[in-house]
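K.L.:
So here's my_file.pdb, just PDB, N, CA and C atoms:
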ATOM      1  N   MET A   5      34.124 -23.609  25.360
ATOM      2  CA  MET A   5      34.711 -24.898  25.133
ATOM      3  C   MET A   5      33.962 -25.908  26.002
ATOM      4  N   TYR A   6      33.615 -27.037  25.395
ATOM      5  CA  TYR A   6      32.880 -28.083  26.105
ATOM      6  C   TYR A   6      33.678 -29.384  26.023
ATOM      7  N   VAL A   7      33.880 -30.029  27.173
ATOM      8  CA  VAL A   7      34.677 -31.260  27.230
ATOM      9  C   VAL A   7      33.825 -32.369  27.838
ATOM     10  N   ASP A   8      33.614 -33.434  27.077
ATOM     11  CA  ASP A   8      32.842 -34.578  27.577
ATOM     12  C   ASP A   8      33.233 -35.799  26.760
ATOM     13  N   ASP A   9      33.491 -36.895  27.433
ATOM     14  CA  ASP A   9      33.894 -38.111  26.722
ATOM     15  C   ASP A   9      32.724 -38.796  26.027
ATOM     16  N   ASP A  10      31.512 -38.344  26.287
ATOM     17  CA  ASP A  10      30.318 -38.922  25.673
ATOM     18  C   ASP A  10      29.766 -37.946  24.631
ATOM     19  N   ALA A  11      29.962 -38.280  23.359
ATOM     20  CA  ALA A  11      29.522 -37.396  22.270
ATOM     21  C   ALA A  11      28.020 -37.125  22.316
ATOM     22  N   PHE A  12      27.239 -38.065  22.821
ATOM     23  CA  PHE A  12      25.789 -37.874  22.931
ATOM     24  C   PHE A  12      25.467 -36.679  23.830
ATOM     25  N   ASN A  13      26.234 -36.491  24.892
ATOM     26  CA  ASN A  13      26.009 -35.369  25.799
ATOM     27  C   ASN A  13      26.327 -34.025  25.161
ATOM     28  N   MET A  14      27.156 -34.036  24.144
ATOM     29  CA  MET A  14      27.538 -32.787  23.471
ATOM     30  C   MET A  14      26.447 -32.245  22.563
ATOM     31  N   MET A  15      25.600 -33.116  22.055
ATOM     32  CA  MET A  15      24.611 -32.685  21.058
ATOM     33  C   MET A  15      23.731 -31.532  21.522
ATOM     34  N   PRO A  16      23.128 -31.579  22.716
ATOM     35  CA  PRO A  16      22.293 -30.443  23.131
ATOM     36  C   PRO A  16      23.082 -29.145  23.236
ATOM     37  N   PHE A  17      24.314 -29.236  23.705
ATOM     38  CA  PHE A  17      25.170 -28.056  23.822
ATOM     39  C   PHE A  17      25.441 -27.461  22.438
ATOM     40  N   GLU A  18      25.801 -28.311  21.501
ATOM     41  CA  GLU A  18      26.099 -27.837  20.147
ATOM     42  C   GLU A  18      24.857 -27.235  19.483
ATOM     43  N   VAL A  19      23.704 -27.859  19.680
ATOM     44  CA  VAL A  19      22.455 -27.333  19.117
ATOM     45  C   VAL A  19      22.134 -25.966  19.721
ATOM     46  N   MET A  20      22.248 -25.856  21.041
ATOM     47  CA  MET A  20      21.951 -24.597  21.716
ATOM     48  C   MET A  20      22.902 -23.489  21.247
ATOM     49  N   CYS A  21      24.177 -23.787  21.138
ATOM     50  CA  CYS A  21      25.139 -22.796  20.661
ATOM     51  C   CYS A  21      24.803 -22.364  19.234
ATOM     52  N   GLY A  22      24.415 -23.316  18.412
ATOM     53  CA  GLY A  22      24.030 -22.991  17.042
ATOM     54  C   GLY A  22      22.813 -22.089  16.990
ATOM     55  N   MET A  23      21.828 -22.382  17.809
ATOM     56  CA  MET A  23      20.611 -21.552  17.842
ATOM     57  C   MET A  23      20.923 -20.134  18.309
ATOM     58  N   LEU A  24      21.859 -20.009  19.243
ATOM     59  CA  LEU A  24      22.230 -18.701  19.783
ATOM     60  C   LEU A  24      23.316 -18.015  18.961
ATOM     61  N   LYS A  25      23.800 -18.736  17.936
ATOM     62  CA  LYS A  25      24.889 -18.247  17.091
ATOM     63  C   LYS A  25      26.142 -17.924  17.909
ATOM     64  N   VAL A  26      26.405 -18.794  18.865
ATOM     65  CA  VAL A  26      27.583 -18.679  19.717
ATOM     66  C   VAL A  26      28.576 -19.751  19.270
ATOM     67  N   PRO A  27      29.801 -19.356  18.955
ATOM     68  CA  PRO A  27      30.778 -20.373  18.546
ATOM     69  C   PRO A  27      31.097 -21.320  19.698
ATOM     70  N   CYS A  28      31.254 -22.588  19.372
ATOM     71  CA  CYS A  28      31.616 -23.558  20.411
ATOM     72  C   CYS A  28      32.666 -24.514  19.876
ATOM     73  N   ILE A  29      33.516 -24.939  20.782
ATOM     74  CA  ILE A  29      34.556 -25.903  20.477
ATOM     75  C   ILE A  29      34.304 -27.076  21.405
ATOM     76  N   THR A  30      34.283 -28.284  20.871
ATOM     77  CA  THR A  30      34.047 -29.453  21.717
ATOM     78  C   THR A  30      35.217 -30.422  21.628
ATOM     79  N   PHE A  31      35.453 -31.095  22.744
ATOM     80  CA  PHE A  31      36.508 -32.087  22.823
ATOM     81  C   PHE A  31      35.994 -33.294  23.589
ATOM     82  N   THR A  32      36.463 -34.474  23.189
ATOM     83  CA  THR A  32      36.024 -35.708  23.851
ATOM     84  C   THR A  32      37.025 -36.222  24.875
ATOM     85  N   SER A  33      38.064 -35.441  25.139
ATOM     86  CA  SER A  33      39.021 -35.851  26.168
ATOM     87  C   SER A  33      39.627 -34.626  26.832
ATOM     88  N   GLY A  34      40.034 -34.821  28.066
ATOM     89  CA  GLY A  34      40.698 -33.757  28.797
ATOM     90  C   GLY A  34      42.019 -33.373  28.162
ATOM     91  N   GLU A  35      42.734 -34.366  27.626
ATOM     92  CA  GLU A  35      44.022 -34.095  26.986
ATOM     93  C   GLU A  35      43.865 -33.140  25.805
ATOM     94  N   GLU A  36      42.869 -33.411  24.966
ATOM     95  CA  GLU A  36      42.633 -32.550  23.801
ATOM     96  C   GLU A  36      42.277 -31.130  24.232
ATOM     97  N   ALA A  37      41.428 -31.023  25.247
ATOM     98  CA  ALA A  37      40.988 -29.705  25.717
ATOM     99  C   ALA A  37      42.155 -28.896  26.274
ATOM    100  N   ILE A  38      42.985 -29.532  27.087
ATOM    101  CA  ILE A  38      44.126 -28.833  27.673
ATOM    102  C   ILE A  38      45.114 -28.419  26.585
ATOM    103  N   SER A  39      45.356 -29.295  25.632
ATOM    104  CA  SER A  39      46.251 -28.982  24.524
ATOM    105  C   SER A  39      45.731 -27.770  23.741
ATOM    106  N   HIS A  40      44.442 -27.750  23.460
ATOM    107  CA  HIS A  40      43.859 -26.619  22.738
ATOM    108  C   HIS A  40      43.956 -25.335  23.564
ATOM    109  N   TYR A  41      43.688 -25.439  24.853
ATOM    110  CA  TYR A  41      43.756 -24.266  25.725
ATOM    111  C   TYR A  41      45.179 -23.704  25.737
ATOM    112  N   LYS A  42      46.183 -24.574  25.839
ATOM    113  CA  LYS A  42      47.582 -24.135  25.808
ATOM    114  C   LYS A  42      47.886 -23.418  24.491
ATOM    115  N   ALA A  43      47.441 -24.003  23.390
ATOM    116  CA  ALA A  43      47.688 -23.407  22.080
ATOM    117  C   ALA A  43      47.020 -22.046  21.956
ATOM    118  N   THR A  44      45.829 -21.913  22.515
ATOM    119  CA  THR A  44      45.120 -20.635  22.469
ATOM    120  C   THR A  44      45.866 -19.579  23.279
ATOM    121  N   LEU A  45      46.386 -19.957  24.438
ATOM    122  CA  LEU A  45      47.157 -19.014  25.252
ATOM    123  C   LEU A  45      48.423 -18.551  24.528
ATOM    124  N   ALA A  46      49.000 -19.426  23.732
ATOM    125  CA  ALA A  46      50.243 -19.098  23.031
ATOM    126  C   ALA A  46      50.021 -18.061  21.935
ATOM    127  N   LYS A  47      48.795 -17.937  21.467
ATOM    128  CA  LYS A  47      48.486 -16.964  20.418
ATOM    129  C   LYS A  47      48.104 -15.644  21.070
ATOM    130  N   LYS A  48      48.906 -14.635  20.875
ATOM    131  CA  LYS A  48      48.647 -13.325  21.498
ATOM    132  C   LYS A  48      47.274 -12.781  21.111
ATOM    133  N   CYS A  49      46.842 -13.051  19.887
ATOM    134  CA  CYS A  49      45.566 -12.518  19.413
ATOM    135  C   CYS A  49      44.365 -13.205  20.064
ATOM    136  N   CYS A  50      44.577 -14.347  20.681
ATOM    137  CA  CYS A  50      43.456 -15.152  21.195
ATOM    138  C   CYS A  50      43.437 -15.243  22.711
ATOM    139  N   ARG A  51      44.113 -14.379  23.388
ATOM    140  CA  ARG A  51      44.238 -14.488  24.834
ATOM    141  C   ARG A  51      42.893 -14.500  25.544
ATOM    142  N   LYS A  52      41.913 -13.827  24.983
ATOM    143  CA  LYS A  52      40.594 -13.813  25.613
ATOM    144  C   LYS A  52      39.581 -14.578  24.767
ATOM    145  N   GLY A  53      40.070 -15.524  24.001
ATOM    146  CA  GLY A  53      39.223 -16.234  23.067
ATOM    147  C   GLY A  53      38.363 -17.334  23.658
ATOM    148  N   ILE A  54      38.639 -17.777  24.875
ATOM    149  CA  ILE A  54      37.843 -18.825  25.495
ATOM    150  C   ILE A  54      37.255 -18.263  26.795
ATOM    151  N   PRO A  55      36.033 -17.774  26.743
ATOM    152  CA  PRO A  55      35.445 -17.176  27.945
ATOM    153  C   PRO A  55      34.878 -18.188  28.934
ATOM    154  N   LEU A  56      34.594 -19.399  28.455
ATOM    155  CA  LEU A  56      33.947 -20.388  29.312
ATOM    156  C   LEU A  56      34.421 -21.794  28.949
ATOM    157  N   VAL A  57      34.715 -22.579  29.982
ATOM    158  CA  VAL A  57      35.033 -23.992  29.803
ATOM    159  C   VAL A  57      34.023 -24.795  30.614
ATOM    160  N   ILE A  58      33.299 -25.663  29.931
ATOM    161  CA  ILE A  58      32.356 -26.568  30.585
ATOM    162  C   ILE A  58      32.951 -27.963  30.470
ATOM    163  N   THR A  59      33.107 -28.627  31.600
ATOM    164  CA  THR A  59      33.726 -29.946  31.567
ATOM    165  C   THR A  59      32.919 -30.971  32.352
ATOM    166  N   ASP A  60      32.861 -32.154  31.797
ATOM    167  CA  ASP A  60      32.308 -33.288  32.520
ATOM    168  C   ASP A  60      33.312 -33.652  33.606
ATOM    169  N   ILE A  61      32.834 -34.082  34.744
ATOM    170  CA  ILE A  61      33.729 -34.474  35.830
ATOM    171  C   ILE A  61      34.284 -35.882  35.612
ATOM    172  N   ASN A  62      33.431 -36.807  35.229
ATOM    173  CA  ASN A  62      33.836 -38.213  35.108
ATOM    174  C   ASN A  62      34.248 -38.549  33.685
ATOM    175  N   MET A  63      35.561 -38.491  33.448
ATOM    176  CA  MET A  63      36.117 -38.856  32.155
ATOM    177  C   MET A  63      37.339 -39.736  32.398
ATOM    178  N   PRO A  64      37.641 -40.626  31.457
ATOM    179  CA  PRO A  64      38.832 -41.467  31.616
ATOM    180  C   PRO A  64      40.116 -40.650  31.427
ATOM    181  N   VAL A  65      41.187 -41.138  31.919
ATOM    182  CA  VAL A  65      42.537 -40.591  31.822
ATOM    183  C   VAL A  65      42.653 -39.265  32.591
ATOM    184  N   ILE A  66      42.125 -38.190  32.037
ATOM    185  CA  ILE A  66      42.137 -36.897  32.729
ATOM    186  C   ILE A  66      40.693 -36.502  32.988
ATOM    187  N   ASP A  67      40.312 -36.469  34.261
ATOM    188  CA  ASP A  67      38.926 -36.114  34.598
ATOM    189  C   ASP A  67      38.747 -34.599  34.618
ATOM    190  N   GLY A  68      37.513 -34.170  34.823
ATOM    191  CA  GLY A  68      37.196 -32.743  34.809
ATOM    192  C   GLY A  68      37.901 -31.946  35.893
ATOM    193  N   PHE A  69      38.156 -32.567  37.035
ATOM    194  CA  PHE A  69      38.896 -31.877  38.091
ATOM    195  C   PHE A  69      40.310 -31.538  37.620
ATOM    196  N   GLU A  70      40.946 -32.503  36.980
ATOM    197  CA  GLU A  70      42.312 -32.285  36.491
ATOM    198  C   GLU A  70      42.323 -31.281  35.337
ATOM    199  N   VAL A  71      41.314 -31.319  34.473
ATOM    200  CA  VAL A  71      41.195 -30.322  33.402
ATOM    201  C   VAL A  71      41.149 -28.931  34.024
ATOM    202  N   ALA A  72      40.289 -28.755  35.015
ATOM    203  CA  ALA A  72      40.154 -27.453  35.676
ATOM    204  C   ALA A  72      41.456 -27.030  36.348
ATOM    205  N   LYS A  73      42.083 -27.960  37.043
ATOM    206  CA  LYS A  73      43.333 -27.665  37.754
ATOM    207  C   LYS A  73      44.409 -27.193  36.775
ATOM    208  N   GLN A  74      44.554 -27.910  35.663
ATOM    209  CA  GLN A  74      45.579 -27.534  34.690
ATOM    210  C   GLN A  74      45.261 -26.209  34.002
ATOM    211  N   ILE A  75      43.999 -25.955  33.735
ATOM    212  CA  ILE A  75      43.621 -24.678  33.128
ATOM    213  C   ILE A  75      43.910 -23.529  34.091
ATOM    214  N   ARG A  76      43.599 -23.707  35.362
ATOM    215  CA  ARG A  76      43.914 -22.673  36.360
ATOM    216  C   ARG A  76      45.427 -22.440  36.430
ATOM    217  N   GLU A  77      46.212 -23.503  36.381
ATOM    218  CA  GLU A  77      47.670 -23.363  36.401
ATOM    219  C   GLU A  77      48.169 -22.629  35.160
ATOM    220  N   LEU A  78      47.587 -22.927  34.011
ATOM    221  CA  LEU A  78      47.971 -22.231  32.781
ATOM    222  C   LEU A  78      47.619 -20.756  32.863
ATOM    223  N   ASP A  79      46.468 -20.438  33.420
ATOM    224  CA  ASP A  79      46.077 -19.038  33.569
ATOM    225  C   ASP A  79      47.045 -18.294  34.497
ATOM    226  N   GLN A  80      47.460 -18.939  35.574
ATOM    227  CA  GLN A  80      48.402 -18.305  36.507
ATOM    228  C   GLN A  80      49.777 -18.110  35.878
ATOM    229  N   ALA A  81      50.162 -19.026  35.005
ATOM    230  CA  ALA A  81      51.475 -18.949  34.374
ATOM    231  C   ALA A  81      51.519 -17.939  33.231
ATOM    232  N   ALA A  82      50.361 -17.507  32.765
ATOM    233  CA  ALA A  82      50.310 -16.558  31.649
ATOM    234  C   ALA A  82      50.925 -15.227  32.086
ATOM    235  N   ASP A  83      51.225 -14.393  31.124
ATOM    236  CA  ASP A  83      52.000 -13.173  31.394
ATOM    237  C   ASP A  83      51.186 -12.010  31.962
ATOM    238  N   GLY A  84      50.049 -12.265  32.526
ATOM    239  CA  GLY A  84      49.269 -11.201  33.146
ATOM    240  C   GLY A  84      48.202 -10.600  32.245
ATOM    241  N   VAL A  85      48.273 -10.870  30.950
ATOM    242  CA  VAL A  85      47.278 -10.349  30.019
ATOM    243  C   VAL A  85      46.023 -11.217  30.042
ATOM    244  N   ARG A  86      46.201 -12.481  30.334
ATOM    245  CA  ARG A  86      45.114 -13.459  30.298
ATOM    246  C   ARG A  86      44.128 -13.234  31.429
ATOM    247  N   HIS A  87      42.868 -13.278  31.105
ATOM    248  CA  HIS A  87      41.831 -13.215  32.139
ATOM    249  C   HIS A  87      41.607 -14.601  32.726
ATOM    250  N   ARG A  88      40.975 -14.663  33.860
ATOM    251  CA  ARG A  88      40.661 -15.947  34.494
ATOM    252  C   ARG A  88      39.405 -16.497  33.834
ATOM    253  N   VAL A  89      39.546 -17.614  33.145
ATOM    254  CA  VAL A  89      38.437 -18.211  32.415
ATOM    255  C   VAL A  89      37.376 -18.725  33.398
ATOM    256  N   ASN A  90      36.132 -18.661  33.002
ATOM    257  CA  ASN A  90      35.039 -19.219  33.803
ATOM    258  C   ASN A  90      34.988 -20.725  33.582
ATOM    259  N   LEU A  91      34.906 -21.482  34.668
ATOM    260  CA  LEU A  91      34.836 -22.942  34.592
ATOM    261  C   LEU A  91      33.518 -23.425  35.179
ATOM    262  N   LEU A  92      32.895 -24.347  34.470
ATOM    263  CA  LEU A  92      31.637 -24.940  34.914
ATOM    264  C   LEU A  92      31.767 -26.453  34.787
ATOM    265  N   ALA A  93      31.360 -27.168  35.824
ATOM    266  CA  ALA A  93      31.446 -28.631  35.802
ATOM    267  C   ALA A  93      30.058 -29.237  35.674
ATOM    268  N   LEU A  94      29.993 -30.338  34.937
ATOM    269  CA  LEU A  94      28.759 -31.097  34.811
ATOM    270  C   LEU A  94      28.975 -32.482  35.397
ATOM    271  N   THR A  95      28.040 -32.916  36.213
ATOM    272  CA  THR A  95      28.132 -34.256  36.767
ATOM    273  C   THR A  95      26.776 -34.709  37.279
ATOM    274  N   ALA A  96      26.574 -36.003  37.272
ATOM    275  CA  ALA A  96      25.357 -36.579  37.858
ATOM    276  C   ALA A  96      25.595 -36.946  39.312
ATOM    277  N   HIS A  97      26.840 -36.815  39.762
ATOM    278  CA  HIS A  97      27.217 -37.231  41.113
ATOM    279  C   HIS A  97      27.449 -36.016  42.007
ATOM    280  N   VAL A  98      26.369 -35.413  42.451
ATOM    281  CA  VAL A  98      26.472 -34.219  43.284
ATOM    282  C   VAL A  98      26.500 -34.634  44.754
ATOM    283  N   THR A  99      27.664 -34.503  45.335
ATOM    284  CA  THR A  99      27.849 -34.790  46.756
ATOM    285  C   THR A  99      28.678 -33.658  47.349
ATOM    286  N   ASP A 100      28.713 -33.588  48.665
ATOM    287  CA  ASP A 100      29.539 -32.573  49.315
ATOM    288  C   ASP A 100      31.003 -32.743  48.940
ATOM    289  N   LYS A 101      31.448 -33.993  48.849
ATOM    290  CA  LYS A 101      32.847 -34.267  48.503
ATOM    291  C   LYS A 101      33.178 -33.743  47.095
ATOM    292  N   VAL A 102      32.281 -33.986  46.138
ATOM    293  CA  VAL A 102      32.494 -33.507  44.769
ATOM    294  C   VAL A 102      32.485 -31.983  44.747
ATOM    295  N   GLU A 103      31.560 -31.379  45.463
ATOM    296  CA  GLU A 103      31.477 -29.920  45.510
ATOM    297  C   GLU A 103      32.745 -29.313  46.108
ATOM    298  N   GLN A 104      33.249 -29.888  47.179
ATOM    299  CA  GLN A 104      34.473 -29.394  47.810
ATOM    300  C   GLN A 104      35.670 -29.529  46.881
ATOM    301  N   LYS A 105      35.768 -30.671  46.204
ATOM    302  CA  LYS A 105      36.869 -30.887  45.278
ATOM    303  C   LYS A 105      36.793 -29.896  44.101
ATOM    304  N   ALA A 106      35.582 -29.632  43.631
ATOM    305  CA  ALA A 106      35.401 -28.670  42.538
ATOM    306  C   ALA A 106      35.869 -27.270  42.962
ATOM    307  N   LYS A 107      35.486 -26.858  44.148
ATOM    308  CA  LYS A 107      35.907 -25.537  44.643
ATOM    309  C   LYS A 107      37.416 -25.482  44.796
ATOM    310  N   LYS A 108      38.009 -26.569  45.240
ATOM    311  CA  LYS A 108      39.454 -26.617  45.455
ATOM    312  C   LYS A 108      40.237 -26.389  44.170
ATOM    313  N   VAL A 109      39.727 -26.902  43.047
ATOM    314  CA  VAL A 109      40.434 -26.743  41.770
ATOM    315  C   VAL A 109      39.983 -25.521  40.983
ATOM    316  N   GLY A 110      39.075 -24.740  41.546
ATOM    317  CA  GLY A 110      38.693 -23.482  40.904
ATOM    318  C   GLY A 110      37.465 -23.532  40.027
ATOM    319  N   ILE A 111      36.636 -24.517  40.231
ATOM    320  CA  ILE A 111      35.376 -24.594  39.485
ATOM    321  C   ILE A 111      34.306 -23.855  40.273
TER     322      ILE A 111
END
Represent the structure from my file as structure tokens, please.
P.N.:
Amino acid sequence: MYVDDDAFNMMPFEVMCGMLKVPCITFTSGEEAISHYKATLAKKCCRKGIPLVITDINMPVIDGFEVAKQIRELDQAADGVRHRVNLLALTAHVTDKVEQKAKKVGI
């Protein structure tokens, strides 16, 4: 799953997934991504259906830190069958503060 408010940034990801024949789901907002993740957890057949979440850090309304935080909370609330999803953050603003905040929310 890839989350970025800039559709232009999604194009290389979608092309690469297509070339590798890897299914990908993209969302342009944190709200949409979290809603989809919740729905996926609710389906018993799809508990391990999202192995990786890549999120942009700087997004309006719900940023990538909050996306990660809520996904980690959803994983903890699951009934024990759910694996801990891998989270990866993308940002142009690499600072110690951003790195520390990312680690704090489980990225």
K.L.:
Which residue, A:Ala81, A:Phe69, A:Arg76, A:Thr44, has the smallest gap to Ala106 in chain A when you use only N, CA and C atoms?
P.N.:
A:Phe69
K.L.:
Could you pull out the strand (DSSP E or B) residues of range 6-104 of chain A, going by DSSP on the backbone, and write them as a ChimeraX atom specification?
P.N.:
/A:6-7,30-31,56-60,90-94
K.L.:
Quick one: 3 Å padding each side, axis-aligned, all listed atoms of range 67-75 of chain A - centre and edge lengths in Å to one decimal, as JSON?
P.N.:
{"center_x": 41.4, "center_y": -30.0, "center_z": 35.6, "size_x": 14.4, "size_y": 18.9, "size_z": 11.0}
K.L.:
Quote the spacing between atom N of Phe17 in chain A and atom N of Ser39 in chain A in Å to one decimal place.
P.N.:
21.1 Å
K.L.:
From the set A:Leu92, A:Ala43, A:Ile38, A:Ile29, which residue has the shortest atom-to-atom contact distance to Ile75 in chain A, counting all atoms listed in the file?
P.N.:
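Of the candidates, the smallest distance to Ile75 in chain A is held by A:Ile38.
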K.L.:
Would you list the contacts of Arg88 in chain A as a list in words, taking every protein, DNA or RNA residue within 7 Å and counting all atoms listed in the file, but skipping same-chain residues closer than 3 positions in sequence?
P.N.:
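The residues that qualify are Pro55, Asp79 and Leu91 of chain A.
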K.L.:
Would you list the contacts of range 93-98 of chain A as a PDB file with N, CA and C atoms, in the coordinates of the input, taking every protein, DNA or RNA residue within 8 Å and counting all atoms listed in the file, but skipping same-chain residues closer than 2 positions in sequence?
P.N.:
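To be explicit, this is the file written out as part-v4.pdb:
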ATOM      1  N   VAL A  57      34.715 -22.579  29.982  1.00  0.00           N
ATOM      2  CA  VAL A  57      35.033 -23.992  29.803  1.00  0.00           C
ATOM      3  C   VAL A  57      34.023 -24.795  30.614  1.00  0.00           C
ATOM      4  N   ILE A  58      33.299 -25.663  29.931  1.00  0.00           N
ATOM      5  CA  ILE A  58      32.356 -26.568  30.585  1.00  0.00           C
ATOM      6  C   ILE A  58      32.951 -27.963  30.470  1.00  0.00           C
ATOM      7  N   THR A  59      33.107 -28.627  31.600  1.00  0.00           N
ATOM      8  CA  THR A  59      33.726 -29.946  31.567  1.00  0.00           C
ATOM      9  C   THR A  59      32.919 -30.971  32.352  1.00  0.00           C
ATOM     10  N   ASP A  60      32.861 -32.154  31.797  1.00  0.00           N
ATOM     11  CA  ASP A  60      32.308 -33.288  32.520  1.00  0.00           C
ATOM     12  C   ASP A  60      33.312 -33.652  33.606  1.00  0.00           C
ATOM     13  N   ILE A  61      32.834 -34.082  34.744  1.00  0.00           N
ATOM     14  CA  ILE A  61      33.729 -34.474  35.830  1.00  0.00           C
ATOM     15  C   ILE A  61      34.284 -35.882  35.612  1.00  0.00           C
ATOM     16  N   ASN A  62      33.431 -36.807  35.229  1.00  0.00           N
ATOM     17  CA  ASN A  62      33.836 -38.213  35.108  1.00  0.00           C
ATOM     18  C   ASN A  62      34.248 -38.549  33.685  1.00  0.00           C
ATOM     19  N   GLY A  68      37.513 -34.170  34.823  1.00  0.00           N
ATOM     20  CA  GLY A  68      37.196 -32.743  34.809  1.00  0.00           C
ATOM     21  C   GLY A  68      37.901 -31.946  35.893  1.00  0.00           C
ATOM     22  N   PHE A  69      38.156 -32.567  37.035  1.00  0.00           N
ATOM     23  CA  PHE A  69      38.896 -31.877  38.091  1.00  0.00           C
ATOM     24  C   PHE A  69      40.310 -31.538  37.620  1.00  0.00           C
ATOM     25  N   ASN A  90      36.132 -18.661  33.002  1.00  0.00           N
ATOM     26  CA  ASN A  90      35.039 -19.219  33.803  1.00  0.00           C
ATOM     27  C   ASN A  90      34.988 -20.725  33.582  1.00  0.00           C
ATOM     28  N   LEU A  91      34.906 -21.482  34.668  1.00  0.00           N
ATOM     29  CA  LEU A  91      34.836 -22.942  34.592  1.00  0.00           C
ATOM     30  C   LEU A  91      33.518 -23.425  35.179  1.00  0.00           C
ATOM     31  N   ASP A 100      28.713 -33.588  48.665  1.00  0.00           N
ATOM     32  CA  ASP A 100      29.539 -32.573  49.315  1.00  0.00           C
ATOM     33  C   ASP A 100      31.003 -32.743  48.940  1.00  0.00           C
ATOM     34  N   LYS A 101      31.448 -33.993  48.849  1.00  0.00           N
ATOM     35  CA  LYS A 101      32.847 -34.267  48.503  1.00  0.00           C
ATOM     36  C   LYS A 101      33.178 -33.743  47.095  1.00  0.00           C
ATOM     37  N   VAL A 102      32.281 -33.986  46.138  1.00  0.00           N
ATOM     38  CA  VAL A 102      32.494 -33.507  44.769  1.00  0.00           C
ATOM     39  C   VAL A 102      32.485 -31.983  44.747  1.00  0.00           C
ATOM     40  N   GLU A 103      31.560 -31.379  45.463  1.00  0.00           N
ATOM     41  CA  GLU A 103      31.477 -29.920  45.510  1.00  0.00           C
ATOM     42  C   GLU A 103      32.745 -29.313  46.108  1.00  0.00           C
ATOM     43  N   ALA A 106      35.582 -29.632  43.631  1.00  0.00           N
ATOM     44  CA  ALA A 106      35.401 -28.670  42.538  1.00  0.00           C
ATOM     45  C   ALA A 106      35.869 -27.270  42.962  1.00  0.00           C
ATOM     46  N   ILE A 111      36.636 -24.517  40.231  1.00  0.00           N
ATOM     47  CA  ILE A 111      35.376 -24.594  39.485  1.00  0.00           C
ATOM     48  C   ILE A 111      34.306 -23.855  40.273  1.00  0.00           C
TER      49      ILE A 111
END
K.L.:
Could you tell me how far CA of Ala37 in chain A lies from CA of Glu70 in chain A, in Å and to one decimal?
P.N.:
11.2 Å
K.L.:
So what do you get for CA of Met63 in chain A versus CA of Met14 in chain A, distance-wise?
P.N.:
13.6 Å
K.L.:
Can you tell me, as a PyMOL selection string, which residues in chain A count as alpha helix (DSSP H) by DSSP?
P.N.:
chain A and resi 11-24+34-46+68-81+100-108
K.L.:
Using only C-alpha atoms, determine which residues lie at most 12 Å from Val26 in chain A, disregarding the query and same-chain residues fewer than 4 positions distant; provide the list as a VMD selection string.
P.N.:
chain A and resid 5 17 to 22 54 to 56
K.L.:
Can you write just those residues out, N, CA and C atoms, as an mmCIF file, keeping the file's coordinate frame?
P.N.:
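Generated file (out_29.cif):
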data_model
loop_
_atom_site.group_PDB
_atom_site.id
_atom_site.type_symbol
_atom_site.label_atom_id
_atom_site.label_comp_id
_atom_site.auth_asym_id
_atom_site.auth_seq_id
_atom_site.Cartn_x
_atom_site.Cartn_y
_atom_site.Cartn_z
ATOM 1 N N MET A 5 34.124 -23.609 25.360
ATOM 2 C CA MET A 5 34.711 -24.898 25.133
ATOM 3 C C MET A 5 33.962 -25.908 26.002
ATOM 4 N N PHE A 17 24.314 -29.236 23.705
ATOM 5 C CA PHE A 17 25.170 -28.056 23.822
ATOM 6 C C PHE A 17 25.441 -27.461 22.438
ATOM 7 N N GLU A 18 25.801 -28.311 21.501
ATOM 8 C CA GLU A 18 26.099 -27.837 20.147
ATOM 9 C C GLU A 18 24.857 -27.235 19.483
ATOM 10 N N VAL A 19 23.704 -27.859 19.680
ATOM 11 C CA VAL A 19 22.455 -27.333 19.117
ATOM 12 C C VAL A 19 22.134 -25.966 19.721
ATOM 13 N N MET A 20 22.248 -25.856 21.041
ATOM 14 C CA MET A 20 21.951 -24.597 21.716
ATOM 15 C C MET A 20 22.902 -23.489 21.247
ATOM 16 N N CYS A 21 24.177 -23.787 21.138
ATOM 17 C CA CYS A 21 25.139 -22.796 20.661
ATOM 18 C C CYS A 21 24.803 -22.364 19.234
ATOM 19 N N GLY A 22 24.415 -23.316 18.412
ATOM 20 C CA GLY A 22 24.030 -22.991 17.042
ATOM 21 C C GLY A 22 22.813 -22.089 16.990
ATOM 22 N N ILE A 54 38.639 -17.777 24.875
ATOM 23 C CA ILE A 54 37.843 -18.825 25.495
ATOM 24 C C ILE A 54 37.255 -18.263 26.795
ATOM 25 N N PRO A 55 36.033 -17.774 26.743
ATOM 26 C CA PRO A 55 35.445 -17.176 27.945
ATOM 27 C C PRO A 55 34.878 -18.188 28.934
ATOM 28 N N LEU A 56 34.594 -19.399 28.455
ATOM 29 C CA LEU A 56 33.947 -20.388 29.312
ATOM 30 C C LEU A 56 34.421 -21.794 28.949
#
K.L.:
Restricting the calculation to only N, CA and C atoms, which member of A:Ile66, A:Ala72, A:Leu78, A:Met15 is positioned closest to Val109 in chain A?
P.N.:
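For Val109 in chain A, the nearest of the candidates is A:Ala72.
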K.L.:
For Phe31 in chain A, which of A:Lys73, A:Val65, A:Gly110, A:Tyr6 is the closest residue, counting only C-alpha atoms?
P.N.:
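Between A:Lys73, A:Val65, A:Gly110, A:Tyr6, the residue approaching Phe31 in chain A most closely is A:Tyr6.
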